[in-house]
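Everything below belongs to protein.cif, which stores mmCIF, C-alpha atoms and all ligand atoms.
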```cif
data_my_file
#
loop_
_atom_site.label_atom_id
_atom_site.label_comp_id
_atom_site.auth_asym_id
_atom_site.auth_seq_id
_atom_site.Cartn_x
_atom_site.Cartn_y
_atom_site.Cartn_z
CA MET A 1 3.12 147.96 63.00
CA ASP A 2 4.68 145.97 65.89
CA PRO A 3 6.90 148.45 67.77
CA GLU A 4 9.25 145.62 68.79
CA LEU A 5 10.16 144.72 65.23
CA PRO A 6 12.93 146.35 63.16
CA ARG A 7 12.01 148.38 60.08
CA LEU A 8 13.33 145.63 57.77
CA TYR A 9 10.36 143.48 58.83
CA THR A 10 7.76 146.26 58.94
CA ASP A 11 7.75 149.39 56.76
CA LEU A 12 10.73 148.14 54.70
CA ALA A 13 9.62 144.48 54.39
CA LYS A 14 9.09 144.66 50.63
CA TRP A 15 12.84 145.30 50.34
CA TRP A 16 13.72 141.98 52.06
CA PRO A 17 14.24 139.96 48.81
CA VAL A 18 16.88 142.46 47.61
CA MET A 19 18.54 142.48 51.02
CA SER A 20 18.67 138.70 51.34
CA ALA A 21 18.14 136.56 48.24
CA PRO A 22 16.57 133.05 48.41
CA ASP A 23 19.38 131.57 46.24
CA ASP A 24 21.91 132.42 48.95
CA TYR A 25 20.22 129.94 51.32
CA ALA A 26 20.59 126.75 49.26
CA GLU A 27 23.66 125.37 51.04
CA GLU A 28 22.52 126.08 54.58
CA ALA A 29 18.97 124.90 53.96
CA GLY A 30 20.47 121.58 52.77
CA PHE A 31 22.52 121.36 55.97
CA TYR A 32 19.47 122.01 58.19
CA ARG A 33 17.38 119.50 56.27
CA LYS A 34 20.02 116.83 56.81
CA CYS A 35 20.27 117.66 60.54
CA LEU A 36 16.49 117.33 60.92
CA VAL A 37 16.29 114.06 59.01
CA ASP A 38 19.38 112.42 60.54
CA ALA A 39 18.39 113.15 64.15
CA SER A 40 14.74 112.10 63.85
CA ARG A 41 13.45 108.67 64.76
CA HIS A 42 10.63 108.91 62.21
CA PRO A 43 10.47 109.95 58.57
CA VAL A 44 10.18 113.75 58.47
CA LYS A 45 7.20 114.89 56.45
CA THR A 46 5.74 117.90 58.28
CA VAL A 47 7.91 120.75 59.58
CA LEU A 48 6.96 123.88 61.52
CA GLU A 49 9.23 126.90 61.08
CA LEU A 50 9.03 129.57 63.80
CA GLY A 51 10.13 133.02 62.61
CA SER A 52 10.17 132.03 58.94
CA GLY A 53 10.64 135.63 57.73
CA GLY A 54 10.72 136.06 53.96
CA GLY A 55 10.73 132.28 53.54
CA ASN A 56 14.23 131.98 52.08
CA ASN A 57 15.11 128.71 53.82
CA ALA A 58 11.58 127.51 53.18
CA SER A 59 11.98 128.09 49.43
CA HIS A 60 14.54 125.23 49.46
CA MET A 61 13.08 123.01 52.20
CA LYS A 62 9.59 122.92 50.67
CA ALA A 63 10.77 120.43 48.04
CA HIS A 64 11.29 117.91 50.87
CA PHE A 65 8.79 118.78 53.61
CA GLU A 66 5.23 120.04 54.09
CA LEU A 67 5.96 123.39 55.73
CA THR A 68 3.92 125.49 58.13
CA LEU A 69 5.48 128.94 58.43
CA VAL A 70 4.88 131.19 61.44
CA ASP A 71 6.08 134.79 61.68
CA LEU A 72 5.23 137.85 63.75
CA ALA A 73 5.50 140.38 60.91
CA PRO A 74 2.56 140.57 58.47
CA GLY A 75 4.81 142.22 55.85
CA MET A 76 7.28 139.34 55.98
CA LEU A 77 4.45 136.79 55.74
CA ARG A 78 3.33 138.62 52.56
CA VAL A 79 6.84 138.34 51.08
CA SER A 80 7.03 134.64 51.98
CA ARG A 81 3.53 133.91 50.62
CA SER A 82 4.51 135.25 47.22
CA LEU A 83 7.72 133.14 47.21
CA ASN A 84 6.13 130.04 48.76
CA PRO A 85 2.42 130.04 47.85
CA GLU A 86 2.20 126.29 48.42
CA CYS A 87 3.14 126.60 52.13
CA GLU A 88 0.76 127.28 55.01
CA HIS A 89 1.45 130.71 56.57
CA ILE A 90 0.33 131.72 60.06
CA HIS A 91 0.70 135.01 61.88
CA GLY A 92 2.06 134.31 65.36
CA ASP A 93 4.67 134.94 68.02
CA MET A 94 7.09 132.08 68.66
CA ARG A 95 6.89 132.84 72.38
CA GLU A 96 3.22 131.99 72.64
CA VAL A 97 1.68 130.59 69.45
CA ARG A 98 -0.23 127.32 69.95
CA LEU A 99 -1.51 125.57 66.83
CA GLY A 100 -3.03 122.54 68.57
CA ARG A 101 -1.13 119.99 66.48
CA VAL A 102 2.29 118.36 66.32
CA PHE A 103 4.87 118.21 63.53
CA ASP A 104 7.64 115.75 62.63
CA GLY A 105 10.21 118.55 62.96
CA VAL A 106 10.52 122.15 64.17
CA PHE A 107 12.98 124.63 62.68
CA VAL A 108 13.96 127.95 64.26
CA HIS A 109 16.59 129.76 62.21
CA ASP A 110 18.10 133.21 62.85
CA ALA A 111 14.73 134.58 64.05
CA VAL A 112 15.51 133.03 67.44
CA GLY A 113 17.97 135.95 67.77
CA TYR A 114 14.99 138.16 68.55
CA MET A 115 14.60 136.42 71.91
CA LEU A 116 16.30 138.96 74.16
CA THR A 117 15.94 137.39 77.59
CA GLU A 118 16.36 133.90 79.01
CA GLU A 119 12.64 133.95 79.76
CA ASP A 120 11.68 134.64 76.12
CA LEU A 121 14.20 132.10 74.82
CA GLY A 122 12.70 129.53 77.20
CA ARG A 123 9.21 130.35 75.90
CA ALA A 124 10.31 129.84 72.27
CA ILE A 125 11.89 126.51 73.26
CA GLU A 126 8.64 125.48 74.95
CA THR A 127 6.68 126.40 71.79
CA ALA A 128 8.95 124.11 69.77
CA TRP A 129 8.52 121.32 72.33
CA VAL A 130 4.71 121.39 72.38
CA HIS A 131 4.54 121.30 68.56
CA LEU A 132 7.01 118.43 68.15
CA ARG A 133 6.01 114.78 68.13
CA PRO A 134 8.01 112.41 70.38
CA GLY A 135 11.02 111.08 68.48
CA GLY A 136 11.19 114.29 66.41
CA THR A 137 13.88 116.95 66.26
CA ALA A 138 13.88 120.72 66.74
CA LEU A 139 16.72 122.81 65.32
CA PHE A 140 17.68 126.17 66.81
CA CYS A 141 20.19 128.20 64.78
CA PRO A 142 21.28 131.46 66.45
CA ASP A 143 23.82 133.53 64.50
CA ASP A 144 26.08 133.50 67.58
CA VAL A 145 26.49 132.30 71.10
CA ARG A 146 28.43 134.45 73.58
CA GLU A 147 31.56 132.31 73.07
CA THR A 148 31.66 132.82 69.27
CA PHE A 149 30.56 136.46 69.09
CA SER A 150 32.87 139.19 67.88
CA PRO A 151 31.97 142.66 66.62
CA ARG A 152 31.90 142.82 62.82
CA THR A 153 30.89 144.77 59.74
CA ARG A 154 29.55 143.36 56.52
CA HIS A 155 28.04 144.71 53.33
CA GLY A 156 25.89 143.24 50.58
CA GLY A 157 22.68 143.55 48.63
CA HIS A 158 21.06 142.52 45.36
CA ASP A 159 19.44 143.82 42.18
CA ARG A 160 16.02 142.81 40.95
CA MET A 161 13.78 144.16 38.22
CA LEU A 162 12.15 147.01 40.16
CA ARG A 163 14.40 147.44 43.18
CA SER A 164 18.07 147.36 44.19
CA LEU A 165 19.53 147.55 47.68
CA ARG A 166 22.98 147.82 49.23
CA TYR A 167 23.56 147.66 52.96
CA LEU A 168 26.22 148.21 55.55
CA GLU A 169 25.76 146.07 58.67
CA TRP A 170 27.63 146.92 61.88
CA VAL A 171 27.29 144.48 64.78
CA TRP A 172 28.55 145.62 68.17
CA ASP A 173 28.00 144.99 71.83
CA PRO A 174 27.27 148.11 73.88
CA ASP A 175 27.21 146.15 77.15
CA PRO A 176 29.02 142.77 77.27
CA SER A 177 27.50 142.05 80.68
CA ASP A 178 23.92 141.76 79.33
CA THR A 179 22.25 139.28 76.94
CA THR A 180 21.85 141.53 73.89
CA VAL A 181 23.92 142.92 71.03
CA THR A 182 23.10 145.72 68.59
CA THR A 183 23.19 145.70 64.80
CA ASP A 184 23.00 149.04 63.04
CA PHE A 185 22.11 148.97 59.36
CA ALA A 186 22.40 151.64 56.69
CA TYR A 187 20.35 150.72 53.61
CA LEU A 188 20.71 152.41 50.21
CA LEU A 189 17.44 151.75 48.39
CA ARG A 190 17.04 152.32 44.66
CA ASP A 191 13.79 152.14 42.71
CA LYS A 192 12.07 154.11 39.94
CA ASP A 193 11.91 157.16 42.23
CA GLY A 194 15.68 157.29 42.73
CA VAL A 195 18.01 156.41 45.61
CA ARG A 196 17.39 157.00 49.29
CA ILE A 197 19.10 156.02 52.51
CA GLU A 198 17.39 154.50 55.56
CA TYR A 199 18.67 153.59 59.00
CA ASP A 200 17.55 150.58 61.06
CA ARG A 201 18.58 149.11 64.42
CA HIS A 202 18.16 145.44 65.39
CA VAL A 203 18.67 144.41 69.00
CA THR A 204 19.21 140.66 69.31
CA GLY A 205 19.82 138.17 72.09
CA LEU A 206 23.19 136.58 72.82
CA PHE A 207 23.45 133.71 75.30
CA ARG A 208 26.24 131.47 76.51
CA ARG A 209 26.14 127.87 75.26
CA ALA A 210 25.57 126.75 78.85
CA ILE A 211 22.37 128.84 78.99
CA TRP A 212 21.09 127.30 75.76
CA LEU A 213 21.87 123.82 77.07
CA LYS A 214 20.25 124.53 80.44
CA LEU A 215 17.02 125.74 78.81
CA LEU A 216 16.86 122.97 76.21
CA THR A 217 17.63 120.10 78.58
CA GLY A 218 15.37 121.68 81.22
CA GLN A 219 12.54 121.45 78.69
CA GLY A 220 13.33 117.75 78.20
CA PHE A 221 15.35 117.82 74.95
CA LEU A 222 18.46 115.71 74.32
CA VAL A 223 20.90 118.12 72.69
CA ASP A 224 23.80 117.96 70.24
CA CYS A 225 25.71 121.18 69.31
CA ARG A 226 26.95 121.66 65.77
CA GLY A 227 28.24 124.55 63.69
CA PHE A 228 27.40 125.61 60.16
CA GLU A 229 29.98 127.52 58.08
CA ALA A 230 29.12 128.57 54.52
CA THR A 231 31.56 127.59 51.77
CA PRO A 232 33.35 130.73 50.43
CA PRO A 233 32.60 132.96 48.54
CA ASP A 234 29.29 132.74 50.46
CA ASP A 235 29.56 133.98 54.00
CA GLY A 236 27.64 133.26 57.15
CA SER A 237 27.89 130.85 60.01
CA CYS A 238 25.74 129.84 62.93
CA GLU A 239 25.61 127.63 65.96
CA VAL A 240 23.13 124.78 65.56
CA PHE A 241 21.44 123.14 68.55
CA VAL A 242 20.01 119.81 67.41
CA ALA A 243 17.36 119.07 70.04
CA ALA A 244 15.74 115.63 70.05
CA LYS A 245 12.45 114.98 71.84
CA PRO A 246 12.66 111.57 73.54
CA GLY A 247 10.05 108.92 72.82
CA ARG A 248 8.60 107.35 69.72
C1 LIG B 1 16.01 137.41 59.54
S1 LIG B 1 14.28 137.16 59.41
C2 LIG B 1 14.16 135.41 59.14
C3 LIG B 1 14.57 135.02 57.77
C4 LIG B 1 14.43 133.53 57.53
N1 LIG B 1 15.48 132.81 58.23
C5 LIG B 1 14.39 133.17 56.07
O1 LIG B 1 14.84 132.06 55.75
O2 LIG B 1 13.88 133.96 55.23
C6 LIG B 1 13.78 137.26 61.10
C7 LIG B 1 12.28 137.11 61.30
O3 LIG B 1 12.01 136.88 62.67
C8 LIG B 1 10.69 137.35 62.89
N2 LIG B 1 10.44 137.44 64.33
C9 LIG B 1 11.01 138.26 65.24
N3 LIG B 1 10.49 138.03 66.46
C10 LIG B 1 9.57 137.03 66.31
C11 LIG B 1 8.70 136.35 67.20
N4 LIG B 1 8.65 136.67 68.51
N5 LIG B 1 7.89 135.38 66.72
C12 LIG B 1 7.89 135.07 65.40
N6 LIG B 1 8.70 135.69 64.49
C13 LIG B 1 9.53 136.65 64.95
C14 LIG B 1 10.69 138.68 62.17
O4 LIG B 1 9.38 139.13 61.93
C15 LIG B 1 11.46 138.34 60.91
O5 LIG B 1 10.60 138.01 59.86
#
```

As C-alpha cells - that is how I would like this structure written.
Amino acid sequence: MDPELPRLYTDLAKWWPVMSAPDDYAEEAGFYRKCLVDASRHPVKTVLELGSGGGNNASHMKAHFELTLVDLAPGMLRVSRSLNPECEHIHGDMREVRLGRVFDGVFVHDAVGYMLTEEDLGRAIETAWVHLRPGGTALFCPDDVRETFSPRTRHGGHDRMLRSLRYLEWVWDPDPSDTTVTTDFAYLLRDKDGVRIEYDRHVTGLFRRAIWLKLLTGQGFLVDCRGFEATPPDDGSCEVFVAAKPGR
C-alpha cells in the first residue's frame, strides 16, 4: 500500500463506485471532451489520462477516444479495469511516468490535486508535455485554485447491489500560508456484514492561478483558463487550464 495515498484509493478502493458514481460524470466529461477537441490542431483520437482513478470520466470519454489510463493506486486501476475493460491501464506516477510515445491529447482531472508542491506540480506538467504531440492539448482540472477556494462541507453516496455508502466531506485549510488544504471524510459503509464507519484524510495542493500559469507557460504551453460548473441538482465545479502545445 502506498503510504502517500488516502484510504479511499487503497484499502477502501472497492468502495469508490458507491462513493462516486460514473453516471454523475456525464456532463463534465462532455465539457472536457469539447475543450480537448476544440483546442487541438489535429483530430483527437488518442488520449492519455494521468490519475484516472476509478475511470468515471473515462467511462464517458471512451466512446470518443482511445484512452490510456495511468494511476498510482493498484486498487483504483482494478476498479477502472472492471468499468472500462476496453481501455489500456498502466500503473504509474504522474510525476515521473514515461511511456515512450505521444498522444493527441492529455487529460489530468482532479487527481492533479495530489500534487502538493510547486515542484511536483511542475513534474506532472512536464509528464503531460512529453506525452503530447505538437498541436495537441493538455487539460488540467484542479478542484480549486487559491482564488476560488473556500472551506466547505458536502455529503453524498450511492447504493449498489452489494454495497451502500454515505459520506460527510469537510474541506478546510489549516494553514492558508502554505500550498495544501485538508479534506476529512467520514464514511458510513454498509454491506452484508452490517454498517461500519471509517475515517480518511486527504491532503491536496492549492496553488494561485499565477503559479499554474507560470509553470504551464514555463514548460512551453499556451494557456487558456476556463471554469466548469455542474448544472444543478448536480454539484461540483473546477478550474480548467486548457494548455496547447505549439507546433503541428
Ligand atoms: C479522485 S480520484 C480520480 C477520479 C477520476 N477523476 C475519475 O474520473 O474516476 C484521484 C486519483 O488520483 C490518483 N493519484 C494520486 N496521486 C497520483 C500520482 N502521483 N500519480 C498518478 N495518480 C495519482 C489516486 O490514486 C486516485 O485514483

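Across the structure, CA of Glu86 (chain A) and atom O3 of ligand LIG 1 (chain B) are spaced 20.3 Å apart.
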
Surroundings of ligand LIG 1 (chain B) up to 9 Å, based on only C-alpha atoms and all ligand atoms, as a PyMOL selection string: chain A and resi 4-6+8-10+13+16-17+20-22+25+29+50-59+70-77+80+91-97+108-115+120+124

Pick out the closest residue to Ala243 (chain A) from this set: A:Leu99, A:Val106, A:Leu48, A:Val181. Count all atoms listed in the file.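 Answer, going by the shortest atom-to-atom distance: A:Val106.
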
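Remark: for Pro134 (chain A), the closest of the candidate residues A:Leu206, A:Leu162, A:Ala39, A:Ala244 is A:Ala244 (distances computed over only C-alpha atoms).
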
Can you measure CA of Arg101 (chain A) to CA of Lys62 (chain A) for me? One decimal in Å is fine.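 Result for CA of Arg101 (chain A) versus CA of Lys62 (chain A): 19.3 Å, one decimal.
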
Could you list, as a list in words, every residue within 9 Å of region 185-190 of chain A, counting all atoms listed in the file and ignoring same-chain residues fewer than 5 positions away?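 That gives Trp15, Met19, Leu162, Arg163, Ser164, Leu165, Arg166, Tyr167, Leu168, Glu169, Trp170, Val171, Val195, Arg196, Ile197, Glu198, Tyr199, Asp200, Arg201 and His202 of chain A.
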
Need the shell around Thr68 (chain A): protein/DNA/RNA residues with any atom at most 8 Å away, counting all atoms listed in the file. Skip same-chain ones fewer than 5 positions apart. Format as a compact mmCIF listing (two decimals) with C-alpha atoms, keeping the file's coordinate frame?
```
# COMPACT_ATOMS: atom_id res chain seq x y z
CA THR A 46 5.74 117.90 58.28
CA VAL A 47 7.91 120.75 59.58
CA LEU A 48 6.96 123.88 61.52
CA GLU A 49 9.23 126.90 61.08
CA CYS A 87 3.14 126.60 52.13
CA GLU A 88 0.76 127.28 55.01
CA HIS A 89 1.45 130.71 56.57
CA ILE A 90 0.33 131.72 60.06
```

Restricting the calculation to all atoms listed in the file, which member of A:Arg98, A:Lys192, A:Arg41, A:Arg33 is positioned closest to Lys245 (chain A)?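 Nearest candidate to Lys245 (chain A) out of A:Arg98, A:Lys192, A:Arg41, A:Arg33: A:Arg41.
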